[in-house]
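Heads up: the structure comes next, in structure tokens.
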Amino acid sequence: MKRRDFIGLEIPPILLALIWSVFGLLVTTTLTQAEDMASMISQYRRAHGLPGVSTDARLTGIAERQARAMATSGVMGHGVAGAFAARIAGANAGLAGENIAAGTKSFAETLRLWKSSAGHNANLLLPGATRVGIAVAYSGQTRNKAFWAMEIAGAAENRRLRRRP
């Protein structure tokens, strides 16, 4: 049985085990899992009167780099992979937010944790958000083991400067 990563490459389980044992780090969220996670977020948003979100390759890449940086360093922090504004700049986002977590065993557990936190919940319910990227990286060399990152964004708005009369 092979697993697909975010870019659709098939990775044999033996290679995954080798990467885990040599580097102690693994980003394992598959495209199907990412879509399932986006569906869970969309369901929550719809229950609060907001539109759902769809997975986005750019945001997923940003989430993967954030999760990987946290797993590599063993530190859960928004700045581990660089400043959020700099990381999100290439995503064509007019508004954006990031949620991170560490130590949870599943996305369902992570989502429950985010829902119960005012700041994380505000990101989940970000008005105007239409896209999301989610990733988890595992490290066998840290206490937390799993490091989650979610990037959520809305389209860049066309902003025009208004001249004052």
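The chains in the structure tokens are called A, B, ... from first to last as shown; in each chain the residues are counted from 1, and the ligands are counted from 1 in the order shown.
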
Problem set entry | Surrounding residues of A:Ala81 excluding itself and chain neighbours under 3 positions, 9 Å, only C-alpha atoms, as a list of chain:residue names |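 Result of the neighbour search: A:Arg65, A:Gln66, A:Ala67, A:Arg68, A:Ala69, A:Met70, A:Gly77, A:His78, A:Phe84, A:Arg87.
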
Show which residues sit within 8 Å of stretch 125-136 of chain A, as a short mmCIF file (atom, residue, chain, number, x, y, z; two decimals) with C-alpha atoms, in the first residue's frame. Count only C-alpha atoms, and ignore same-chain residues fewer than 6 positions away.
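Dumped everything to out-v7.cif:
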```cif
data_model
loop_
_atom_site.label_atom_id
_atom_site.label_comp_id
_atom_site.auth_asym_id
_atom_site.auth_seq_id
_atom_site.Cartn_x
_atom_site.Cartn_y
_atom_site.Cartn_z
CA VAL A 27 5.05 15.20 6.91
CA THR A 28 2.33 12.67 6.23
CA THR A 29 -0.96 14.37 5.43
CA ALA A 34 -6.41 17.42 3.62
CA MET A 37 -9.91 18.24 7.20
CA ALA A 38 -11.11 21.12 4.99
CA ARG A 45 -18.11 27.35 9.37
CA HIS A 48 -21.99 29.42 12.04
CA LEU A 50 -20.26 31.23 6.93
CA PRO A 51 -19.30 29.69 3.58
CA GLY A 52 -17.08 26.64 3.49
CA VAL A 53 -13.43 26.57 2.46
CA SER A 54 -11.53 24.51 -0.10
CA THR A 55 -7.98 23.23 -0.01
CA ASP A 56 -5.37 25.46 -1.62
CA ALA A 57 -1.95 24.28 -2.83
CA ARG A 58 -0.12 27.50 -1.84
CA LEU A 59 -1.60 27.55 1.65
CA THR A 60 -0.89 23.84 2.01
CA GLY A 61 2.75 24.46 1.12
CA ILE A 62 2.96 27.23 3.72
CA ALA A 63 1.35 24.94 6.32
CA GLU A 64 3.75 22.11 5.44
CA ALA A 67 4.64 22.16 10.54
CA ARG A 68 8.02 20.84 9.37
CA LEU A 95 -6.92 38.40 4.83
CA ALA A 96 -5.33 35.40 6.48
CA GLY A 97 -4.86 33.60 9.76
CA ALA A 146 2.85 15.81 16.09
CA PHE A 147 2.94 19.45 14.97
CA TRP A 148 -0.09 20.87 13.15
CA ALA A 149 -0.40 24.03 11.04
CA MET A 150 -3.47 25.50 9.36
CA GLU A 151 -3.40 28.52 7.07
CA ILE A 152 -6.76 30.07 6.21
CA ALA A 153 -7.26 32.95 3.79
CA GLY A 154 -9.61 34.94 1.62
CA ALA A 155 -8.95 36.40 -1.80
#
```

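Backbone DSSP over stretch 56-163 of chain A yields strand (DSSP E) at Ala93, Gly94, Leu95, Ala96, Gly97, Glu98, Asn99, Ile100, Ala101, Ala102, Arg131, Val132, Gly133, Ile134, Ala135, Val136, Ala137, Tyr138, Ser139, Ala146, Phe147, Trp148, Ala149, Met150, Glu151, Ile152, Ala153, Gly154 and Ala155 of chain A.
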
Exercise. Can you tell me, as number ranges by chain, what residues are no more than 10 Å from A:Thr110 when counting only C-alpha atoms, ignoring any on the same chain fewer than 2 positions away?
Worked result: A: 99-108, 112-115, 147-149

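Take atom CA of A:Asn121 and atom CA of A:Tyr138: the distance between them is 23.9 Å.
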